[in-house]
Structures are given as structure tokens and as C-alpha cells.
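Text of the file entry_25.cif, holding mmCIF, C-alpha atoms:
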```
data_data
loop_
_atom_site.label_atom_id
_atom_site.label_comp_id
_atom_site.auth_asym_id
_atom_site.auth_seq_id
_atom_site.Cartn_x
_atom_site.Cartn_y
_atom_site.Cartn_z
CA PRO A 25 87.33 75.87 92.51
CA SER A 26 90.56 75.14 94.36
CA THR A 27 93.35 73.10 92.83
CA ARG A 28 96.62 71.57 93.96
CA GLU A 29 98.61 73.22 91.19
CA GLU A 30 101.85 74.83 92.27
CA CYS A 31 102.15 78.57 91.71
CA ASP A 32 105.26 80.20 90.28
CA GLY A 33 108.14 80.50 92.72
CA GLY A 34 108.74 83.87 94.31
CA SER A 35 110.70 85.61 97.01
CA VAL A 36 109.43 86.46 100.49
CA VAL A 37 110.57 89.04 103.04
CA LEU A 38 109.87 88.06 106.64
CA LEU A 39 109.83 90.15 109.81
CA SER A 40 109.30 88.19 113.02
CA ALA A 41 109.69 89.63 116.50
CA GLU A 42 108.63 86.55 118.46
CA GLU A 43 110.55 83.60 117.04
CA SER A 44 114.24 82.69 116.84
CA ASN A 45 115.57 82.60 113.28
CA ALA A 46 117.96 79.70 113.87
CA LYS A 47 115.87 77.62 116.26
CA THR A 48 112.36 78.13 114.88
CA ILE A 49 111.89 80.04 111.63
CA VAL A 50 114.57 78.47 109.42
CA PRO A 51 113.86 74.86 110.55
CA ARG A 52 110.12 75.37 109.92
CA LEU A 53 110.82 76.77 106.47
CA ALA A 54 113.06 73.80 105.70
CA ALA A 55 110.40 71.36 106.94
CA ALA A 56 107.85 73.03 104.66
CA GLY A 57 110.13 72.59 101.64
CA ALA A 58 110.85 76.30 101.19
CA ASP A 59 113.69 77.51 98.97
CA LEU A 60 115.68 79.27 101.68
CA ASP A 61 117.61 81.28 99.09
CA ARG A 62 114.36 83.10 98.31
CA VAL A 63 113.53 84.01 101.90
CA THR A 64 114.95 87.23 103.37
CA ILE A 65 114.56 87.67 107.13
CA LEU A 66 114.75 91.36 107.97
CA GLN A 67 116.13 91.73 111.49
CA ALA A 68 117.06 95.39 111.96
CA ILE A 69 117.78 98.72 110.29
CA ARG A 70 121.46 99.62 109.97
CA LEU A 71 122.13 103.20 111.11
CA GLU A 72 124.17 105.60 109.02
CA HIS A 73 126.73 106.23 111.78
CA GLY A 74 126.95 102.65 112.99
CA GLY A 75 124.78 100.34 115.05
CA THR A 76 121.26 99.13 114.38
CA ARG A 77 117.68 99.67 115.54
CA GLY A 78 114.42 97.83 115.22
CA PHE A 79 112.31 98.06 112.08
CA SER A 80 109.44 100.59 112.17
CA LEU A 81 106.45 100.51 109.82
CA LEU A 82 106.10 104.24 110.38
CA ALA A 83 109.64 105.11 109.34
CA ASP A 84 111.09 102.31 107.23
CA MET A 85 108.69 101.48 104.40
CA ARG A 86 111.09 102.87 101.80
CA ALA A 87 113.86 100.66 103.21
CA LEU A 88 111.55 97.65 103.00
CA GLU A 89 110.66 98.54 99.43
CA ALA A 90 114.35 98.75 98.55
CA VAL A 91 114.82 95.21 99.89
CA LEU A 92 111.88 93.98 97.81
CA ILE A 93 113.28 95.52 94.63
CA GLU A 94 116.46 93.49 95.09
CA GLN A 95 114.53 90.18 95.24
CA ASP A 96 113.91 87.76 92.40
CA ASN A 97 110.16 87.96 91.70
CA PRO A 98 109.10 89.35 95.12
CA MET A 99 105.67 88.03 96.05
CA ALA A 100 105.01 88.51 99.75
CA VAL A 101 105.96 90.31 102.96
CA ILE A 102 105.04 88.67 106.28
CA ILE A 103 104.98 90.84 109.42
CA ASP A 104 104.57 88.89 112.67
CA PRO A 105 103.10 90.45 114.73
CA ILE A 106 102.18 93.89 113.49
CA SER A 107 102.10 95.21 117.06
CA ALA A 108 105.89 94.77 117.32
CA TYR A 109 106.58 97.18 114.46
CA GLN A 110 104.25 100.10 115.22
CA ASP A 111 106.53 102.23 117.38
CA THR A 112 108.10 105.38 116.06
CA VAL A 113 111.88 105.58 115.89
CA GLY A 114 113.41 106.23 119.27
CA ASN A 115 111.46 106.33 122.50
CA SER A 116 108.67 108.73 121.50
CA LYS A 117 105.19 107.20 121.66
CA THR A 118 103.11 109.28 119.27
CA HIS A 119 101.34 106.28 117.71
CA ASP A 120 98.41 104.57 119.44
CA SER A 121 97.17 101.23 118.13
CA HIS A 122 93.71 101.95 119.57
CA LYS A 123 93.20 105.22 117.68
CA ASN A 124 91.57 104.97 114.26
CA THR A 125 93.55 107.82 112.73
CA ASP A 126 96.87 106.45 113.99
CA VAL A 127 96.22 102.94 112.67
CA ARG A 128 95.09 104.24 109.28
CA SER A 129 98.21 106.41 109.03
CA LEU A 130 100.25 103.27 109.79
CA LEU A 131 98.51 101.14 107.15
CA ARG A 132 98.37 103.76 104.38
CA PRO A 133 102.07 103.53 103.37
CA VAL A 134 101.81 99.72 103.54
CA SER A 135 98.93 99.82 101.06
CA GLU A 136 100.81 102.22 98.81
CA MET A 137 103.85 99.92 98.78
CA VAL A 138 101.62 96.97 97.87
CA ASP A 139 100.39 98.86 94.82
CA ARG A 140 103.87 99.96 93.75
CA CYS A 141 105.56 96.58 94.22
CA ASN A 142 102.62 94.28 93.38
CA VAL A 143 103.20 92.10 96.45
CA THR A 144 100.97 90.59 99.11
CA VAL A 145 101.52 91.83 102.66
CA ILE A 146 100.42 89.43 105.42
CA LEU A 147 99.97 91.14 108.79
CA ILE A 148 99.68 88.89 111.85
CA ASN A 149 97.64 90.21 114.76
CA HIS A 150 96.74 88.55 118.07
CA LEU A 151 93.21 88.07 119.40
CA THR A 152 91.97 89.69 122.57
CA LYS A 153 90.69 87.53 125.40
CA GLY A 154 86.99 87.23 126.04
CA SER A 155 84.09 86.85 123.63
CA GLY A 156 82.57 88.85 120.83
CA ARG A 157 82.19 88.85 117.08
CA ALA A 158 85.27 87.64 115.23
CA ILE A 159 85.57 90.96 113.42
CA THR A 160 86.03 92.75 116.77
CA ARG A 161 88.45 90.28 118.39
CA GLY A 162 91.72 91.62 116.99
CA GLN A 163 93.99 93.66 119.25
CA GLY A 164 93.93 97.39 118.68
CA ASN A 165 91.56 99.55 116.66
CA MET A 166 88.99 98.20 114.18
CA ALA A 167 90.99 99.88 111.41
CA PHE A 168 93.30 96.83 111.51
CA VAL A 169 90.31 94.89 110.15
CA ALA A 170 88.79 97.61 107.97
CA GLY A 171 92.03 98.41 106.16
CA PRO A 172 93.14 95.02 104.76
CA ARG A 173 91.23 93.54 101.82
CA ALA A 174 90.99 90.11 103.45
CA VAL A 175 91.04 89.02 107.10
CA TRP A 176 91.22 85.40 108.34
CA GLN A 177 91.02 83.97 111.83
CA VAL A 178 92.87 80.91 113.13
CA SER A 179 90.93 79.01 115.80
CA LYS A 180 91.17 75.66 117.53
CA ASP A 181 88.62 73.07 116.47
CA LYS A 182 86.51 72.45 119.59
CA ASP A 183 85.83 68.85 118.47
CA ASP A 184 89.44 68.06 117.52
CA PRO A 185 92.13 69.76 119.67
CA GLY A 186 94.83 68.83 117.15
CA LYS A 187 93.16 70.70 114.30
CA ARG A 188 93.22 74.41 113.51
CA LEU A 189 90.50 76.22 111.57
CA PHE A 190 91.37 78.93 109.05
CA LEU A 191 88.16 80.94 108.66
CA PRO A 192 87.26 84.08 106.69
CA VAL A 193 86.33 87.10 108.78
CA LYS A 194 86.00 89.44 105.78
CA ASN A 195 87.07 89.33 102.15
CA ASN A 196 86.60 92.21 99.73
CA LEU A 197 88.24 90.34 96.86
CA ALA A 198 86.58 86.91 96.88
CA ASP A 199 83.80 84.80 98.35
CA ASP A 200 83.82 84.77 102.15
CA SER A 201 80.57 82.89 102.73
CA GLU A 202 80.23 79.88 105.00
CA GLY A 203 81.86 76.80 103.53
CA THR A 204 84.98 78.65 102.33
CA GLY A 205 86.99 78.00 105.50
CA LEU A 206 89.97 75.65 105.56
CA SER A 207 91.63 73.51 108.20
CA PHE A 208 95.12 72.27 108.96
CA ASN A 209 97.04 70.12 111.42
CA VAL A 210 100.49 70.77 112.83
CA GLU A 211 102.84 67.84 112.18
CA GLY A 212 106.14 67.20 113.95
CA VAL A 213 109.19 66.87 111.69
CA ASP A 214 112.66 65.46 112.37
CA LEU A 215 115.24 67.23 110.18
CA GLY A 216 118.15 65.10 111.31
CA ALA A 217 121.33 66.38 112.94
CA ASP A 218 123.02 69.74 112.44
CA ALA A 219 126.78 70.30 111.95
CA GLN A 220 127.36 69.82 115.68
CA GLY A 221 125.39 66.59 115.72
CA LYS A 222 122.41 68.09 117.55
CA LEU A 223 119.03 66.70 116.48
CA ILE A 224 116.76 69.29 114.85
CA LYS A 225 113.07 68.83 115.61
CA THR A 226 110.47 71.24 114.27
CA SER A 227 106.96 71.28 112.82
CA ARG A 228 105.05 72.09 109.68
CA ILE A 229 101.48 72.79 108.62
CA MET A 230 99.58 70.07 106.76
CA TRP A 231 96.46 71.42 105.03
CA ASN A 232 93.37 69.22 104.91
CA ASP A 233 91.13 68.75 101.86
CA GLU A 234 87.90 69.49 103.73
CA ARG A 235 85.96 72.74 103.56
CA ILE A 236 84.82 74.16 106.90
CA ALA A 237 81.17 75.17 107.05
CA ILE A 238 81.10 77.06 110.37
CA SER A 239 81.71 80.78 110.56
CA ALA A 240 84.47 82.61 112.41
CA ASP A 241 81.82 83.87 114.85
CA GLU A 242 80.77 80.31 115.66
CA ALA A 243 84.38 79.25 116.20
CA ALA A 244 84.87 82.20 118.56
CA GLY A 245 81.83 81.14 120.60
CA TYR A 246 79.95 84.34 119.78
CA ASP A 247 76.93 82.52 118.41
CA SER A 248 76.30 80.82 121.76
CA LEU A 249 74.83 84.13 122.98
CA SER A 250 71.32 85.19 122.11
CA HIS A 251 70.82 87.80 119.40
CA GLU A 252 69.70 90.32 122.01
CA GLU A 253 72.75 89.67 124.22
CA ARG A 254 75.10 90.02 121.25
CA SER A 255 73.54 93.32 120.25
CA GLU A 256 73.74 94.69 123.79
CA ILE A 257 77.39 93.66 124.18
CA ASP A 258 78.33 95.10 120.78
CA ASP A 259 76.68 98.41 121.70
CA ALA A 260 78.47 98.43 125.06
CA LYS A 261 81.82 97.66 123.42
CA ALA A 262 81.36 100.57 121.02
CA PHE A 263 80.49 102.79 124.00
CA LEU A 264 83.61 101.74 125.93
CA ALA A 265 85.88 102.10 122.90
CA ASP A 266 84.63 105.66 122.44
CA VAL A 267 84.90 106.64 126.13
CA LEU A 268 88.41 105.20 126.46
CA ALA A 269 89.71 106.23 123.03
CA GLU A 270 91.91 109.02 124.40
CA GLY A 271 93.37 107.10 127.33
CA ALA A 272 92.65 106.14 130.94
CA VAL A 273 89.38 107.26 132.55
CA LYS A 274 88.19 106.91 136.15
CA ALA A 275 86.18 103.69 136.52
CA LYS A 276 83.43 105.56 138.40
CA HIS A 277 83.07 108.00 135.52
CA VAL A 278 82.84 105.14 133.00
CA LEU A 279 80.23 103.24 135.02
CA ASP A 280 78.15 106.35 135.71
CA SER A 281 78.25 107.28 132.03
CA SER A 282 77.34 103.74 130.97
CA ARG A 283 74.27 103.75 133.22
CA SER A 284 73.21 107.09 131.78
CA ALA A 285 73.61 105.59 128.29
CA GLY A 286 71.30 102.70 129.22
CA HIS A 287 73.85 99.88 129.63
CA SER A 288 73.39 97.44 132.50
CA HIS A 289 76.32 96.70 134.83
CA THR A 290 76.43 93.05 133.63
CA THR A 291 76.55 94.08 129.97
CA ILE A 292 79.24 96.71 130.49
CA MET A 293 81.39 94.21 132.42
CA ARG A 294 81.00 91.66 129.59
CA ALA A 295 82.02 94.35 127.12
CA LYS A 296 84.97 95.29 129.35
CA LYS A 297 86.19 91.68 129.24
CA ALA A 298 85.62 91.35 125.50
CA LEU A 299 87.61 94.52 124.77
CA ASN A 300 90.35 93.44 127.21
CA VAL A 301 90.01 96.70 129.13
CA VAL A 302 92.70 97.07 131.81
CA SER A 303 91.90 98.19 135.35
CA THR A 304 94.61 100.09 137.24
CA ARG A 305 94.61 101.75 140.66
CA GLU A 306 96.31 104.95 141.78
CA GLY A 307 97.05 105.42 145.45
CA PHE A 308 96.31 103.19 148.44
CA GLY A 309 93.44 102.48 150.80
CA LYS A 310 90.26 104.55 150.85
CA GLY A 311 91.88 107.35 148.92
CA SER A 312 92.82 105.18 145.92
CA ILE A 313 91.23 105.74 142.52
CA SER A 314 90.49 103.03 139.94
CA TYR A 315 90.98 103.70 136.22
CA TRP A 316 89.97 101.83 133.07
CA ARG A 317 91.85 101.98 129.81
CA LEU A 318 92.17 100.02 126.59
CA LYS A 319 95.04 97.58 126.73
CA ALA A 320 97.98 98.78 124.63
CA ASP A 321 100.89 96.63 123.55
CA ARG A 322 103.41 98.86 125.26
CA ALA A 323 104.03 98.92 129.00
CA GLU A 324 101.34 100.45 131.18
CA GLU A 325 101.65 104.15 131.84
CA PRO A 326 100.22 106.19 134.74
CA PRO A 327 96.83 107.79 134.07
CA PRO A 328 97.02 111.16 132.31
CA SER A 329 96.34 114.32 134.29
CA TRP A 330 93.35 115.29 132.13
CA VAL A 331 91.18 112.33 133.22
CA PRO A 332 87.66 113.67 133.93
CA ASP A 333 86.15 113.65 137.42
#
```

Give the structure from this file in C-alpha cells form.
Amino acid sequence: PSTREECDGGSVVLLSAEESNAKTIVPRLAAAGADLDRVTILQAIRLEHGGTRGFSLLADMRALEAVLIEQDNPMAVIIDPISAYQDTVGNSKTHDSHKNTDVRSLLRPVSEMVDRCNVTVILINHLTKGSGRAITRGQGNMAFVAGPRAVWQVSKDKDDPGKRLFLPVKNNLADDSEGTGLSFNVEGVDLGADAQGKLIKTSRIMWNDERIAISADEAAGYDSLSHEERSEIDDAKAFLADVLAEGAVKAKHVLDSSRSAGHSHTTIMRAKKALNVVSTREGFGKGSISYWRLKADRAEEPPPSWVPD
């Protein structure tokens, strides 16, 4: 059973690539009543010969661990979003967030650090557009869901636009059955004026006492499809993920292969939308060629030369 007892205070290390420290993160922490002396915001890695570079999960886990060791009772690391910290150092792009082996190699040192430091690591990932089971809606490879011990989805409440639902997608450590979801509202907060007299307005999360009975699939709209439609789309998504796993492929080749595999055009197009597959075109006019590829977080690249005919 849940309680309202306060846990012991601990330190948190935060990496955020999408929010301003001064304008957003620190005011929100203050509005939530956080002890700011126990929050370390990691912004960059200092280079040995001067200058800085962005933090990389592939290269800098030991540096992150060194920061944790310096904290008073370190309890958590928050990485928001994980897609911003996947690149290798420099401009090389050897890591692909849509490849199972690459994602598992990214998460393995994170898991090892968790065991050594006894901390919780919270990885924030964005949802893809379209429909589908909640467990398949995260950006990148399914290993982002398979690797963590617990995965939760934040959704809007369709009956109350001001409410957010916090629903279990999977949980290997505790009960994740229906009725274990939570909800919260976002409340505006006025922190008063800063040193220059400028009014500071921010927001904070206010958790509700209710338990949410619906599943993450229901919140994502997946259950509005028939069982047969869901099965067909899931099969088609798995087919597309496999065909496009190594990069861009000619659209004609994908569609011809999908027909040979028994997928209807309607189903494969639904799966394309659910997986957020990107269509690109090479050339102009009648001689142009259309390609499909899984959407990566980095900028689009031209199709590789090995694309099959």
C-alpha cells in the first residue's frame, strides 16, 4: 500500500538537453520544494586541453560515476531525453538508436553503474506519432523498453485535458496490473521577483490520490482497434522494423516484399505511420526514387549505396 511518508533525502544528478537551467529547471525545482544544494546539473564534459563537449553515454559513464561518488547520499540520475546523449564523441555516427545491439551496448554500462553506485537512473524517451501498443510507442529500438526494469508512460487524460496519467507499461520489480496507475495535474506557481525585480513564474506537479484503472494501451488508443487489426498491425510493424533495420530501402522493394509476406497495403501503411517511418525521395520527376527508413534522431542522411533493387 502507498503512503505519504517522506523518504530520506538524497542527491540527484540531472542531465537535460531541452530545458534552460535558469529559466525552467531551477525554478521548477524550487517550486517543488527541492533542496537545490543536493541537485547537480551536468552540462558538459571539460576537455583535458581546454574547452568542453557534450556528455555522451557511450564515452562518459566513468565521469558520471565520479560525480555521483562526490554527492551526499546519491539516489538518482535523470537523463532527459536519452536520445540527446547517444552520440559518440566527435562527429562519427557509429551508434544507431534503431539497432538492438547498439541500444543494448548503450544501456549495458548504465546498468553496471546502477549496480555499483546503488542509484536509480531515470531515462526519458519520447513517443512516436501514430497508434500501437504502448510498449512499442517509444522512439528507437525495443531494447529501450526491454532493458529497463520498469517503464511508465505519461498520457493526457481524454476526459480531463488538464490531467496527466502516469501508467505502467512494464514492471519487472513490482505489480504493474491495471489499477496501479497514477495521475497528476500541472499547477502554475509564482515564485516572486528575482534580484533584478523580474517576476518568476513556473509550474509544478501535483499528484492526485486516485488510482487509475485503465491501461497504457487504452490511454494510447490502441484498444479502440479490433483484436484482429491489432495483431495485423503488430505483425506489419515487426516486418517493417526488420526490413528497415540496416537503413533506407526503396519504397517499391518494401511494398513488394510486404505483399509477398501477406500484408495488405492498408495494414502496411498503418504500420508505417505507427513506426514513424520516414519517406524520402532521390532525384526529380519520373526518374526519382522513393525510399523508406526508420526515423532517427539525427539529421536525415542520403540513402546508402547498398539499397537493394

Report as a ChimeraX atom specification the full result of the PyMOL selection byres ((chain A and resi 88) around 10) when it is applied to this structure. /A:37,66,69,79-81,83-87,89-93,101,134,137

Taking the file above as input, evaluate the PyMOL selection byres ((chain A and resi 56-60) around 9) and report the hits as a list in words. Gly33, Ser35, Val50, Pro51, Arg52, Leu53, Ala54, Ala55, Asp61, Arg62, Val63, Thr64, Ser227, Arg228 and Ile229 of chain A

Once you have the residues from the selection above, write them out as a PDB file, in the frame of the given file, restricted to C-alpha atoms.
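The new file result_5.pdb reads:
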```pdb
ATOM      1  CA  GLY A  33     108.140  80.500  92.720  1.00  0.00           C
ATOM      2  CA  SER A  35     110.700  85.610  97.010  1.00  0.00           C
ATOM      3  CA  VAL A  50     114.570  78.470 109.420  1.00  0.00           C
ATOM      4  CA  PRO A  51     113.860  74.860 110.550  1.00  0.00           C
ATOM      5  CA  ARG A  52     110.120  75.370 109.920  1.00  0.00           C
ATOM      6  CA  LEU A  53     110.820  76.770 106.470  1.00  0.00           C
ATOM      7  CA  ALA A  54     113.060  73.800 105.700  1.00  0.00           C
ATOM      8  CA  ALA A  55     110.400  71.360 106.940  1.00  0.00           C
ATOM      9  CA  ASP A  61     117.610  81.280  99.090  1.00  0.00           C
ATOM     10  CA  ARG A  62     114.360  83.100  98.310  1.00  0.00           C
ATOM     11  CA  VAL A  63     113.530  84.010 101.900  1.00  0.00           C
ATOM     12  CA  THR A  64     114.950  87.230 103.370  1.00  0.00           C
ATOM     13  CA  SER A 227     106.960  71.280 112.820  1.00  0.00           C
ATOM     14  CA  ARG A 228     105.050  72.090 109.680  1.00  0.00           C
ATOM     15  CA  ILE A 229     101.480  72.790 108.620  1.00  0.00           C
TER      16      ILE A 229
END
```

Stretch 192-198 of chain A surroundings by all atoms listed in the file, 7 Å radius, close-in-sequence under 4 positions cut, as a ChimeraX atom specification: /A:158-159,173-177,205,240

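For the pair atom CA of A:Asn165 and atom CA of A:Gln110, the interatomic distance is 12.8 Å.
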
Give the padded box for stretch 165-178 of chain A as AutoDock Vina command-line options: axis-aligned, covering all atoms listed in the file, 8 Å on each side, centre and edge lengths in Å to one decimal.
```
--center_x 91.0 --center_y 90.4 --center_z 109.2 --size_x 20.5 --size_y 35.0 --size_z 30.8
```

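Between atom CA of A:Asp200 and atom CA of A:Ala170 the separation is 14.9 Å.
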
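Rounded to one decimal, atom CA of A:Asp199 and atom CA of A:Pro172 lie 15.3 Å from each other.
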
Would you write out, as a list of chain:residue names, every residue that the PyMOL selection byres ((chain A and resi 214) around 9) captures in this file?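 Output from the PyMOL selection byres ((chain A and resi 214) around 9), applied to this file: A:Ala55, A:Gly212, A:Val213, A:Leu215, A:Gly216, A:Ala217, A:Leu223, A:Ile224, A:Lys225, A:Thr226, A:Ser227.
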
Tell me which of A:Phe208, A:Lys222, A:Tyr315, A:Val302 sits closest to A:Asp184, counting only C-alpha atoms. A:Phe208

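Residues surrounding stretch 288-297 of chain A within 7 Å are A:Gly154, A:Glu256, A:Ile257, A:Ala260, A:Lys261, A:Arg283, A:Gly286, A:Leu299, A:Asn300, A:Val301 [only C-alpha atoms; sequence separation below 2 positions excluded].
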
Restricting the calculation to all atoms listed in the file: of A:Glu211, A:Glu136, A:Glu242, A:Asp218, which residue gets closest to A:Ser179?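 Closest candidate: A:Glu242.
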
Give me the residues near A:Ile102 as a ChimeraX atom specification, where near means some atom within 9 Å (using all atoms listed in the file) and where sequence neighbours in that chain fewer than 2 positions away do not count. /A:36-40,100,104-105,144-148

Dump C-alpha atoms for the selected residues as a PDB file, in the frame of the given file?
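Result file result_33.pdb:
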```
ATOM      1  CA  VAL A  36     109.430  86.460 100.490  1.00  0.00           C
ATOM      2  CA  VAL A  37     110.570  89.040 103.040  1.00  0.00           C
ATOM      3  CA  LEU A  38     109.870  88.060 106.640  1.00  0.00           C
ATOM      4  CA  LEU A  39     109.830  90.150 109.810  1.00  0.00           C
ATOM      5  CA  SER A  40     109.300  88.190 113.020  1.00  0.00           C
ATOM      6  CA  ALA A 100     105.010  88.510  99.750  1.00  0.00           C
ATOM      7  CA  ASP A 104     104.570  88.890 112.670  1.00  0.00           C
ATOM      8  CA  PRO A 105     103.100  90.450 114.730  1.00  0.00           C
ATOM      9  CA  THR A 144     100.970  90.590  99.110  1.00  0.00           C
ATOM     10  CA  VAL A 145     101.520  91.830 102.660  1.00  0.00           C
ATOM     11  CA  ILE A 146     100.420  89.430 105.420  1.00  0.00           C
ATOM     12  CA  LEU A 147      99.970  91.140 108.790  1.00  0.00           C
ATOM     13  CA  ILE A 148      99.680  88.890 111.850  1.00  0.00           C
TER      14      ILE A 148
END
```

Using all atoms listed in the file, find the one residue out of A:His287, A:Arg161, A:Arg317, A:Arg132 that sits nearest to A:Val273.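 That would be A:Arg317, the residue with the smallest distance to A:Val273.
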
Could you complete stretch 288-316 of chain A so that it carries N, CA and C atoms, and give it back as an mmCIF file, keeping the file's coordinate frame?
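Once written, out.cif looks like this:
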```cif
data_model
loop_
_atom_site.group_PDB
_atom_site.id
_atom_site.type_symbol
_atom_site.label_atom_id
_atom_site.label_comp_id
_atom_site.auth_asym_id
_atom_site.auth_seq_id
_atom_site.Cartn_x
_atom_site.Cartn_y
_atom_site.Cartn_z
ATOM 1 N N SER A 288 73.414 98.066 131.191
ATOM 2 C CA SER A 288 73.390 97.440 132.500
ATOM 3 C C SER A 288 74.815 97.158 132.959
ATOM 4 N N HIS A 289 74.987 96.981 134.288
ATOM 5 C CA HIS A 289 76.320 96.700 134.830
ATOM 6 C C HIS A 289 76.858 95.377 134.266
ATOM 7 N N THR A 290 75.995 94.355 134.160
ATOM 8 C CA THR A 290 76.430 93.050 133.630
ATOM 9 C C THR A 290 76.921 93.179 132.195
ATOM 10 N N THR A 291 76.172 93.917 131.382
ATOM 11 C CA THR A 291 76.550 94.080 129.970
ATOM 12 C C THR A 291 77.855 94.844 129.834
ATOM 13 N N ILE A 292 78.024 95.906 130.618
ATOM 14 C CA ILE A 292 79.240 96.710 130.490
ATOM 15 C C ILE A 292 80.453 95.916 130.969
ATOM 16 N N MET A 293 80.277 95.030 131.956
ATOM 17 C CA MET A 293 81.390 94.210 132.420
ATOM 18 C C MET A 293 81.734 93.140 131.379
ATOM 19 N N ARG A 294 80.729 92.593 130.692
ATOM 20 C CA ARG A 294 81.000 91.660 129.590
ATOM 21 C C ARG A 294 81.773 92.362 128.479
ATOM 22 N N ALA A 295 81.339 93.583 128.165
ATOM 23 C CA ALA A 295 82.020 94.350 127.120
ATOM 24 C C ALA A 295 83.448 94.686 127.541
ATOM 25 N N LYS A 296 83.633 95.005 128.814
ATOM 26 C CA LYS A 296 84.970 95.290 129.350
ATOM 27 C C LYS A 296 85.899 94.091 129.136
ATOM 28 N N LYS A 297 85.393 92.887 129.423
ATOM 29 C CA LYS A 297 86.190 91.680 129.240
ATOM 30 C C LYS A 297 86.470 91.424 127.773
ATOM 31 N N ALA A 298 85.459 91.610 126.928
ATOM 32 C CA ALA A 298 85.620 91.350 125.500
ATOM 33 C C ALA A 298 86.627 92.286 124.856
ATOM 34 N N LEU A 299 86.660 93.537 125.314
ATOM 35 C CA LEU A 299 87.610 94.520 124.770
ATOM 36 C C LEU A 299 88.981 94.436 125.437
ATOM 37 N N ASN A 300 89.096 93.575 126.468
ATOM 38 C CA ASN A 300 90.350 93.440 127.210
ATOM 39 C C ASN A 300 90.748 94.776 127.853
ATOM 40 N N VAL A 301 89.756 95.440 128.440
ATOM 41 C CA VAL A 301 90.010 96.700 129.130
ATOM 42 C C VAL A 301 90.801 96.436 130.411
ATOM 43 N N VAL A 302 91.811 97.246 130.652
ATOM 44 C CA VAL A 302 92.700 97.070 131.810
ATOM 45 C C VAL A 302 92.243 97.970 132.947
ATOM 46 N N SER A 303 92.189 97.407 134.155
ATOM 47 C CA SER A 303 91.900 98.190 135.350
ATOM 48 C C SER A 303 93.211 98.465 136.088
ATOM 49 N N THR A 304 93.436 99.715 136.457
ATOM 50 C CA THR A 304 94.610 100.090 137.240
ATOM 51 C C THR A 304 94.150 100.926 138.431
ATOM 52 N N ARG A 305 94.983 100.996 139.456
ATOM 53 C CA ARG A 305 94.610 101.750 140.660
ATOM 54 C C ARG A 305 95.738 102.698 141.046
ATOM 55 N N GLU A 306 95.355 103.920 141.361
ATOM 56 C CA GLU A 306 96.310 104.950 141.780
ATOM 57 C C GLU A 306 96.093 105.247 143.259
ATOM 58 N N GLY A 307 97.155 105.148 144.040
ATOM 59 C CA GLY A 307 97.050 105.420 145.450
ATOM 60 C C GLY A 307 96.741 104.161 146.246
ATOM 61 N N PHE A 308 96.526 104.329 147.562
ATOM 62 C CA PHE A 308 96.310 103.190 148.440
ATOM 63 C C PHE A 308 95.120 103.452 149.359
ATOM 64 N N GLY A 309 94.513 102.369 149.816
ATOM 65 C CA GLY A 309 93.440 102.480 150.800
ATOM 66 C C GLY A 309 92.212 103.189 150.276
ATOM 67 N N LYS A 310 91.506 103.889 151.206
ATOM 68 C CA LYS A 310 90.260 104.550 150.850
ATOM 69 C C LYS A 310 90.449 105.679 149.843
ATOM 70 N N GLY A 311 91.636 106.232 149.826
ATOM 71 C CA GLY A 311 91.880 107.350 148.920
ATOM 72 C C GLY A 311 92.305 106.944 147.516
ATOM 73 N N SER A 312 92.378 105.635 147.232
ATOM 74 C CA SER A 312 92.820 105.180 145.920
ATOM 75 C C SER A 312 91.735 105.379 144.863
ATOM 76 N N ILE A 313 92.153 105.512 143.637
ATOM 77 C CA ILE A 313 91.230 105.740 142.520
ATOM 78 C C ILE A 313 91.479 104.669 141.458
ATOM 79 N N SER A 314 90.405 104.066 140.972
ATOM 80 C CA SER A 314 90.490 103.030 139.940
ATOM 81 C C SER A 314 90.274 103.651 138.563
ATOM 82 N N TYR A 315 91.091 103.214 137.598
ATOM 83 C CA TYR A 315 90.980 103.700 136.220
ATOM 84 C C TYR A 315 90.769 102.524 135.273
ATOM 85 N N TRP A 316 90.089 102.787 134.168
ATOM 86 C CA TRP A 316 89.970 101.830 133.070
ATOM 87 C C TRP A 316 90.656 102.416 131.851
#
```
